[in-house]
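Undergrad: What follows is a single structure, and I will ask about it in a moment.
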Amino acid sequence: MRVAVIGAGVIGLSSALCIHEQFHGLVPSLELELYADCFTPHTTSDGAAGLWQPYLSDLGNLQETLWNKETFDHLLRHLHSAAAQEMGLFLLSGYNLFTEPVPDPSWKNIVLGFRNLTPKELELFPGYSYGWFNTALMLEGRSYLPWLTNRLTQRGVKFFHKKVESFQEVGGDGVDVVINCTGMRSGELQPDPELQPGRGQIIKVLAPWVKHFIITHDVKSGIYKSPYIIPGSEFTVLGGIYQHGNWSEENSAQDHKTIWESCCHLLPALQKAKIISEWSGLRPSRPRVRLERESVRHGNVQGEVIHNYGHGGFGITIHWGCAMAAARLFGSILQERGKVASSPQPRL
Amino acid sequence: MAAPKVAVVGAGVIGLSTALCIVETCPSCSVTVLSDQFSPNTTSDVAAGMLIPHTYPGTPIHVQKQWFKETFTYLFAISNSAEASEAGIHLVSGWQVFKSTPKEELPFWSDAVLGFRPMSEAELQKFPQYQFGQAFTTLKCDCPPYLLWLQKRLKATGIQMYNRKISDLWELHSEYDIVVNCAGIGAHQLVGDRKLFPVRGQVLKVYAPWVKNFIRDGDGLTYIYPGIHRVTLGGTREKESWSLSADPGTTKDIFDRCCSLEPSLREAQDIKVKVGLRPTRQCVRLQREVLSQAGVKLLVVHNYGHGAGGFSVHRGTAKEAARLVGECVAALQGSSSGSKL
């Protein structure tokens with residue numbers, strides 16, 4: 001049974017791994033292939049700082065909150081494993097800052113040690129009168145994507161460097177199921193007006209004395225439009241740009257100025273930080289994640305597509321929960337086709 | 001009288017910060033720093049420089065608290081300025097964990113650090129052998145950067161610093177009016193203080209840049225302190241040991257203990273081993289003394305014996321020492337004009 005995954009960002013790779021882990025034992029004929037025109041370190045996931053943190057509000061979307069929690073808990077279990085460092089996984093504490101009191105987020109009990117900031121802590125951040133402190137996880141794309149790729153390669157998954165122009169292109173030719181993890185460019189395979197770019201720009205600096213993430217919020221402007229500072233294992237990411245509908249992947253001098261000035265104002269110690277590089281990327285934004293099955297015809301053959309895209313600025317945060325959900329959809333396809341007994345899918 | 005000539009003996013964190021405080025409070029003084037060791041070869045360079053106080057049995061708690069608060073406030077301001085990275089000062093959050101609940105759940109400094117609170121159940125799950133813990137945010141002074149920054153600020157005020165071994169404070173009586181003794185463990189020899197003894201500490205400084213939080217066992221023996229470039233892993237507390245040589249068995253033991261607190265440290269690279277002798281005393285010796293010999297007097301201010309808590313209280317004790325120097329200056333000026341006591 002051939003399964004084609006399209007996309008090699010965090011969503012594509014983790015979906016492939018989840019499906020292979022759960023079903024290769026049950027379906028001996030399972031052959032997984034991964035198609036992408038873009039691999040690490042050039043994917044959108046590679047540009048992300050890698051901090052696990054959902055948006056402030058889940059807008060009542062409990063499903064996404066559960067997927068976020070599944071991801072956090074899964075990663076936390078790996079924290080003490082021998083693989084953690086290779087995965088780029090580590091704990092990171094830090095601050096969320098506001099100019100006015102806000103309700104607690106949906107994820108307050110998922111992260112560790114969530115609490116409000118004390119007045120003395122707020123003295124560090126003039127202009128902000130309210131905030132949170134918690135310990136979360138970092139999962140750096142530059143390590144995690146290669147780690148996922150290695151796990152997949154070890155399992156015999158085949159990789160194809162190719163731009164897929166249509167579902168039919170991979171769907172025919174004996175491929176039974178296509179997993180669509182094409183992120184920002186899903187619209188090229190199937191138009192989706194709800195999928196829009198949320199352009200971001202970041203500056204990578206050397207500032208190893210920064211040991212906390214600092215994320216500011218301007219509740220009126222919206223997410224990521226206010227400065228943020230996220231220290232990684234080697235570089236610190238400075239950001240604060242979110243431009244809905246902007247498809248440009250060119251670095252903008254104006255955005256550079258905005259990021260640099262606002263981050264140095266937030267953390268004066270950054271003035272001495274050395275700038276290493278700059279990057280722009282497009283968050284694949286959607287009112288909600290598209291994670292569902294669709295039957296697609298190729299000629300006289302009925303094929304199944306499982307869509308898993310539209311994770312905006314929280315792809316890393318939600319990826320494992322979505323991969324598990326994609327695997328469950330895959331499992332139901334298998335049941336329908338009589339490939340497995342109709343009993344509840346075993347969960348690893 | 002002419003500008004009082006002050007010699008500060010010792011160029012660790014205590015000597016340099018005391019010299020700086022003297023210049024700040026007594027601009028008329030001419031200050032010189034004399035030491036047989038400068039950074040990176042001082043005891044301070046071995047220390048992680050974490051602001052977590054050590055309790056001195058012989059000093060009133062309110063005094064220790066005052067010293068700590070002064071030091072914390074001073075460094076907090078630097079950490080929040082453009083000078084932070086040069087000075088090596090940064091905030092770091094983490095956990096202090098206990099295998100059994102301590103008698104004193106709230107240490108005297110809990111309201112001086114940031115965000116102090118007991119650890120949650122979920123946080124304690126990360127430390128299966130531990131029953132209780134405290135989470136907080138504090139400051140870290142990385143050495144050598146902090147000492148080099150202090151030296152730079154001292155030079156900017158015109159202070160001279162000389163590499164010179166002093167065997168006896170009397171050597172200085174003809175050149176200086178006041179001597180400030182910040183010799184740390186060197187005071188054992190220099191002034192024959194038998195109440196001062198070394199507590200040997202061996203540490204590892206490793207490259208593990210993904211470790212961003214500190215972890216400390218409440219017993220004070222095992223700790224993981226992330227600095228700017230390296231993580232300090234510790235440690236030992238060996239009373240009366242004068243050995244400055246690294247012990248390989250101890251290195252393995254420290255590494256294993258730290259890996260059991262933080263398993264990812266198994267991947268740490270480039271392990272460097274260092275040894276320092278904590279200059280330990282029941283209480284910090286922070287007092288004036290008048291030495292006399294054959295009718296000649298030498299005014300001395302002692303500021304040594306900070307043991308495991310040097311960084312935590314350095315600014316507070318430096319300010320007190322500077323105040324005592326001020327008293328010495330007043331005493332000199334009060335005596336017959338022009339002549340030395």
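Just so we're on the same page: first chain in the structure tokens is A, next is B, and so on; residues restart at 1 for each chain, and ligands are numbered from 1 in the order they show up.
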For a quick test of understanding: name the residues of chain B lying within 7 Å of chain A when counting only C-alpha atoms, and present them as an NGL selection string.
TA: :B and (80-85 or 90 or 92 or 114-115 or 120 or 122-123 or 209-210 or 212 or 228-229 or 263-264)
Undergrad: Quick one: write out the picked residues with N, CA, C and O atoms as a short mmCIF file (atom, residue, chain, number, x, y, z; two decimals), in the first residue's frame?
TA:
data_model
loop_
_atom_site.label_atom_id
_atom_site.label_comp_id
_atom_site.auth_asym_id
_atom_site.auth_seq_id
_atom_site.Cartn_x
_atom_site.Cartn_y
_atom_site.Cartn_z
N ASN B 80 20.03 45.29 33.22
CA ASN B 80 18.98 45.89 32.41
C ASN B 80 19.51 47.06 31.58
O ASN B 80 18.74 47.88 31.11
N SER B 81 20.83 47.11 31.40
CA SER B 81 21.41 48.22 30.66
C SER B 81 22.22 47.68 29.49
O SER B 81 22.43 46.47 29.37
N ALA B 82 22.69 48.58 28.65
CA ALA B 82 23.50 48.18 27.49
C ALA B 82 24.83 47.55 27.91
O ALA B 82 25.48 46.88 27.12
N GLU B 83 25.23 47.76 29.18
CA GLU B 83 26.53 47.22 29.63
C GLU B 83 26.46 45.77 30.07
O GLU B 83 27.48 45.16 30.39
N ALA B 84 25.23 45.24 30.13
CA ALA B 84 25.03 43.92 30.72
C ALA B 84 25.96 42.85 30.17
O ALA B 84 26.57 42.10 30.93
N SER B 85 26.07 42.77 28.85
CA SER B 85 26.85 41.66 28.29
C SER B 85 28.34 41.83 28.57
O SER B 85 29.04 40.87 28.85
N HIS B 90 23.58 38.66 33.98
CA HIS B 90 22.33 38.29 33.33
C HIS B 90 21.39 37.60 34.30
O HIS B 90 21.82 37.00 35.28
N VAL B 92 18.76 34.71 35.38
CA VAL B 92 18.58 33.30 35.06
C VAL B 92 17.53 32.73 36.02
O VAL B 92 17.49 33.07 37.20
N LEU B 114 13.61 37.27 42.43
CA LEU B 114 12.36 37.52 41.70
C LEU B 114 11.48 36.28 41.64
O LEU B 114 11.97 35.18 41.40
N GLY B 115 10.17 36.50 41.83
CA GLY B 115 9.20 35.45 41.57
C GLY B 115 9.35 34.19 42.40
O GLY B 115 8.99 33.10 41.94
N SER B 120 5.57 23.60 41.46
CA SER B 120 4.31 22.88 41.31
C SER B 120 4.61 21.39 41.20
O SER B 120 5.74 20.98 40.95
N ALA B 122 3.73 19.43 38.82
CA ALA B 122 4.18 19.14 37.45
C ALA B 122 5.67 19.43 37.28
O ALA B 122 6.40 18.68 36.64
N GLU B 123 6.14 20.51 37.91
CA GLU B 123 7.56 20.85 37.82
C GLU B 123 8.41 19.82 38.56
O GLU B 123 9.48 19.43 38.11
N PRO B 209 24.94 24.75 25.50
CA PRO B 209 24.19 26.00 25.37
C PRO B 209 22.68 25.85 25.39
O PRO B 209 21.97 26.84 25.47
N TRP B 210 22.19 24.61 25.35
CA TRP B 210 20.74 24.42 25.43
C TRP B 210 20.23 24.44 26.88
O TRP B 210 19.03 24.42 27.11
N LYS B 212 19.29 26.36 29.81
CA LYS B 212 18.97 27.78 30.03
C LYS B 212 18.48 28.05 31.45
O LYS B 212 18.32 29.21 31.83
N ILE B 228 27.09 32.69 30.40
CA ILE B 228 26.95 33.23 29.05
C ILE B 228 27.42 32.22 28.01
O ILE B 228 26.72 31.94 27.04
N HIS B 229 28.60 31.67 28.22
CA HIS B 229 29.15 30.74 27.22
C HIS B 229 29.21 29.31 27.72
O HIS B 229 29.19 28.38 26.94
N PRO B 263 19.64 15.10 32.49
CA PRO B 263 20.23 14.06 31.64
C PRO B 263 20.85 14.58 30.34
O PRO B 263 21.80 13.99 29.85
N SER B 264 20.33 15.68 29.81
CA SER B 264 20.86 16.16 28.53
C SER B 264 22.33 16.58 28.64
O SER B 264 23.02 16.71 27.63
#
Undergrad: If we count only C-alpha atoms, what is near Tyr130 (chain A) at a cut-off of 7 Å, once residues fewer than 4 positions away on the same chain are taken out, given as a PyMOL selection string?
TA: chain A and resi 97-101+117
Undergrad: Write the residues of the preceding selection, restricted to N, CA, C and O atoms, as a CSV table (one decimal), in the first residue's frame.
TA:
chain,number,residue,atom,x,y,z
A,97,LEU,N,4.3,39.7,28.1
A,97,LEU,CA,4.0,41.1,28.6
A,97,LEU,C,2.9,41.7,28.0
A,97,LEU,O,2.7,41.6,26.7
A,98,PHE,N,2.1,42.4,28.8
A,98,PHE,CA,0.9,43.1,28.3
A,98,PHE,C,0.8,44.5,28.9
A,98,PHE,O,1.4,44.8,29.9
A,99,THR,N,0.0,45.4,28.2
A,99,THR,CA,-0.1,46.7,28.7
A,99,THR,C,-1.4,46.9,29.6
A,99,THR,O,-1.7,47.9,30.1
A,100,GLU,N,-2.1,45.8,29.7
A,100,GLU,CA,-3.3,45.8,30.5
A,100,GLU,C,-3.6,44.3,30.9
A,100,GLU,O,-3.1,43.4,30.3
A,101,PRO,N,-4.4,44.1,32.0
A,101,PRO,CA,-4.7,42.7,32.4
A,101,PRO,C,-5.4,42.0,31.3
A,101,PRO,O,-6.2,42.6,30.6
A,117,LEU,N,3.2,37.9,36.7
A,117,LEU,CA,4.5,38.6,37.1
A,117,LEU,C,4.3,39.4,38.3
A,117,LEU,O,3.2,40.0,38.6
Undergrad: Let's see if you can do this: from backbone DSSP, list all alpha helix (DSSP H) residues in region 122-348 of chain A, as a VMD selection string.
TA: chain A and resid 122 141 to 154 167 to 171 186 to 189 253 to 266 315 to 336
Undergrad: Go ahead and save the residues from that selection, with C-alpha atoms, as a tab-separated table (two decimals), in the first residue's frame.
TA:
chain	number	residue	atom	x	y	z
A	122	LEU	CA	7.52	44.29	35.75
A	141	GLY	CA	13.66	23.28	13.55
A	142	ARG	CA	17.31	23.21	12.48
A	143	SER	CA	17.79	20.13	14.71
A	144	TYR	CA	14.29	18.65	14.82
A	145	LEU	CA	13.73	18.43	11.08
A	146	PRO	CA	17.00	16.58	10.44
A	147	TRP	CA	16.19	14.31	13.40
A	148	LEU	CA	12.75	13.48	11.95
A	149	THR	CA	14.35	12.96	8.55
A	150	ASN	CA	16.86	10.49	10.05
A	151	ARG	CA	14.11	8.55	11.84
A	152	LEU	CA	12.15	8.33	8.56
A	153	THR	CA	15.21	7.29	6.56
A	154	GLN	CA	15.97	4.56	9.11
A	167	PHE	CA	-2.80	15.47	-6.21
A	168	GLN	CA	-3.34	13.44	-9.35
A	169	GLU	CA	0.36	13.56	-10.11
A	170	VAL	CA	1.15	11.47	-7.02
A	171	GLY	CA	-2.34	10.09	-6.51
A	186	SER	CA	-1.50	24.32	-0.35
A	187	GLY	CA	-3.51	26.74	-2.46
A	188	GLU	CA	-1.50	25.67	-5.51
A	189	LEU	CA	-2.77	22.14	-5.18
A	253	ALA	CA	14.60	47.40	5.66
A	254	GLN	CA	11.65	49.03	7.40
A	255	ASP	CA	10.76	45.80	9.18
A	256	HIS	CA	14.40	45.36	10.18
A	257	LYS	CA	14.35	48.79	11.78
A	258	THR	CA	11.08	48.06	13.57
A	259	ILE	CA	12.34	44.78	14.96
A	260	TRP	CA	15.79	46.04	15.97
A	261	GLU	CA	14.63	49.23	17.65
A	262	SER	CA	11.71	47.70	19.48
A	263	CYS	CA	13.72	44.71	20.72
A	264	CYS	CA	16.63	46.89	21.90
A	265	HIS	CA	14.15	49.09	23.69
A	266	LEU	CA	12.66	46.04	25.35
A	315	GLY	CA	3.00	24.76	13.66
A	316	ILE	CA	5.69	23.51	15.99
A	317	THR	CA	3.38	24.03	18.97
A	318	ILE	CA	0.62	21.86	17.52
A	319	HIS	CA	2.46	19.51	15.19
A	320	TRP	CA	2.36	16.23	17.10
A	321	GLY	CA	-1.32	16.47	18.02
A	322	CYS	CA	-2.08	17.06	14.34
A	323	ALA	CA	0.18	14.22	13.22
A	324	MET	CA	-1.68	11.87	15.58
A	325	ALA	CA	-5.03	13.13	14.26
A	326	ALA	CA	-3.82	12.59	10.67
A	327	ALA	CA	-2.76	9.09	11.65
A	328	ARG	CA	-6.23	8.42	13.09
A	329	LEU	CA	-7.80	9.54	9.80
A	330	PHE	CA	-5.39	7.23	8.01
A	331	GLY	CA	-6.43	4.42	10.33
A	332	SER	CA	-10.07	4.91	9.46
A	333	ILE	CA	-9.21	4.73	5.77
A	334	LEU	CA	-7.43	1.44	6.42
A	335	GLN	CA	-10.43	0.08	8.31
A	336	GLU	CA	-12.79	1.02	5.51
Undergrad: Per DSSP on the backbone, what are the strand (DSSP E) residues of region 241-311 of chain B, as an NGL selection string?
TA: :B and (269-280 or 285-293 or 296-304)
Undergrad: At a cut-off of 9 Å, using only C-alpha atoms, what residues contact Glu294 (chain A)? Leave out same-chain residues fewer than 3 positions from it and give the result as a list in words.
TA: Gly303, Glu304, Val305, Ile306 and His307 of chain A
Undergrad: How about saving the chosen residues, all heavy atoms kept, as a PDB file, in the first residue's frame?
TA:
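Once everything was written out, this is part_20.pdb:
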ATOM      1  N   GLY A 303      -9.310   8.257  -4.856  1.00  0.00           N
ATOM      2  CA  GLY A 303      -8.175   8.342  -3.926  1.00  0.00           C
ATOM      3  C   GLY A 303      -8.566   9.146  -2.712  1.00  0.00           C
ATOM      4  O   GLY A 303      -9.545   9.892  -2.723  1.00  0.00           O
ATOM      5  N   GLU A 304      -7.808   8.978  -1.666  1.00  0.00           N
ATOM      6  CA  GLU A 304      -8.073   9.725  -0.446  1.00  0.00           C
ATOM      7  C   GLU A 304      -6.945  10.724  -0.202  1.00  0.00           C
ATOM      8  O   GLU A 304      -5.765  10.393  -0.366  1.00  0.00           O
ATOM      9  CB  GLU A 304      -8.136   8.789   0.769  1.00  0.00           C
ATOM     10  CG  GLU A 304      -9.339   7.866   0.810  1.00  0.00           C
ATOM     11  CD  GLU A 304     -10.640   8.619   1.001  1.00  0.00           C
ATOM     12  OE1 GLU A 304     -10.699   9.525   1.861  1.00  0.00           O
ATOM     13  OE2 GLU A 304     -11.604   8.305   0.273  1.00  0.00           O
ATOM     14  N   VAL A 305      -7.350  11.941   0.168  1.00  0.00           N
ATOM     15  CA  VAL A 305      -6.352  12.935   0.584  1.00  0.00           C
ATOM     16  C   VAL A 305      -6.644  13.284   2.034  1.00  0.00           C
ATOM     17  O   VAL A 305      -7.808  13.499   2.401  1.00  0.00           O
ATOM     18  CB  VAL A 305      -6.429  14.218  -0.280  1.00  0.00           C
ATOM     19  CG1 VAL A 305      -5.436  15.265   0.226  1.00  0.00           C
ATOM     20  CG2 VAL A 305      -6.167  13.900  -1.747  1.00  0.00           C
ATOM     21  N   ILE A 306      -5.616  13.291   2.843  1.00  0.00           N
ATOM     22  CA  ILE A 306      -5.752  13.797   4.210  1.00  0.00           C
ATOM     23  C   ILE A 306      -5.047  15.143   4.239  1.00  0.00           C
ATOM     24  O   ILE A 306      -3.837  15.222   3.992  1.00  0.00           O
ATOM     25  CB  ILE A 306      -5.107  12.843   5.239  1.00  0.00           C
ATOM     26  CG1 ILE A 306      -5.830  11.499   5.230  1.00  0.00           C
ATOM     27  CG2 ILE A 306      -5.140  13.458   6.642  1.00  0.00           C
ATOM     28  CD1 ILE A 306      -5.180  10.440   6.114  1.00  0.00           C
ATOM     29  N   HIS A 307      -5.824  16.198   4.475  1.00  0.00           N
ATOM     30  CA  HIS A 307      -5.238  17.543   4.536  1.00  0.00           C
ATOM     31  C   HIS A 307      -4.730  17.816   5.948  1.00  0.00           C
ATOM     32  O   HIS A 307      -5.398  17.490   6.929  1.00  0.00           O
ATOM     33  CB  HIS A 307      -6.294  18.589   4.173  1.00  0.00           C
ATOM     34  CG  HIS A 307      -6.806  18.472   2.776  1.00  0.00           C
ATOM     35  ND1 HIS A 307      -6.047  18.857   1.682  1.00  0.00           N
ATOM     36  CD2 HIS A 307      -7.984  17.996   2.299  1.00  0.00           C
ATOM     37  CE1 HIS A 307      -6.757  18.618   0.575  1.00  0.00           C
ATOM     38  NE2 HIS A 307      -7.921  18.098   0.920  1.00  0.00           N
TER      39      HIS A 307
END
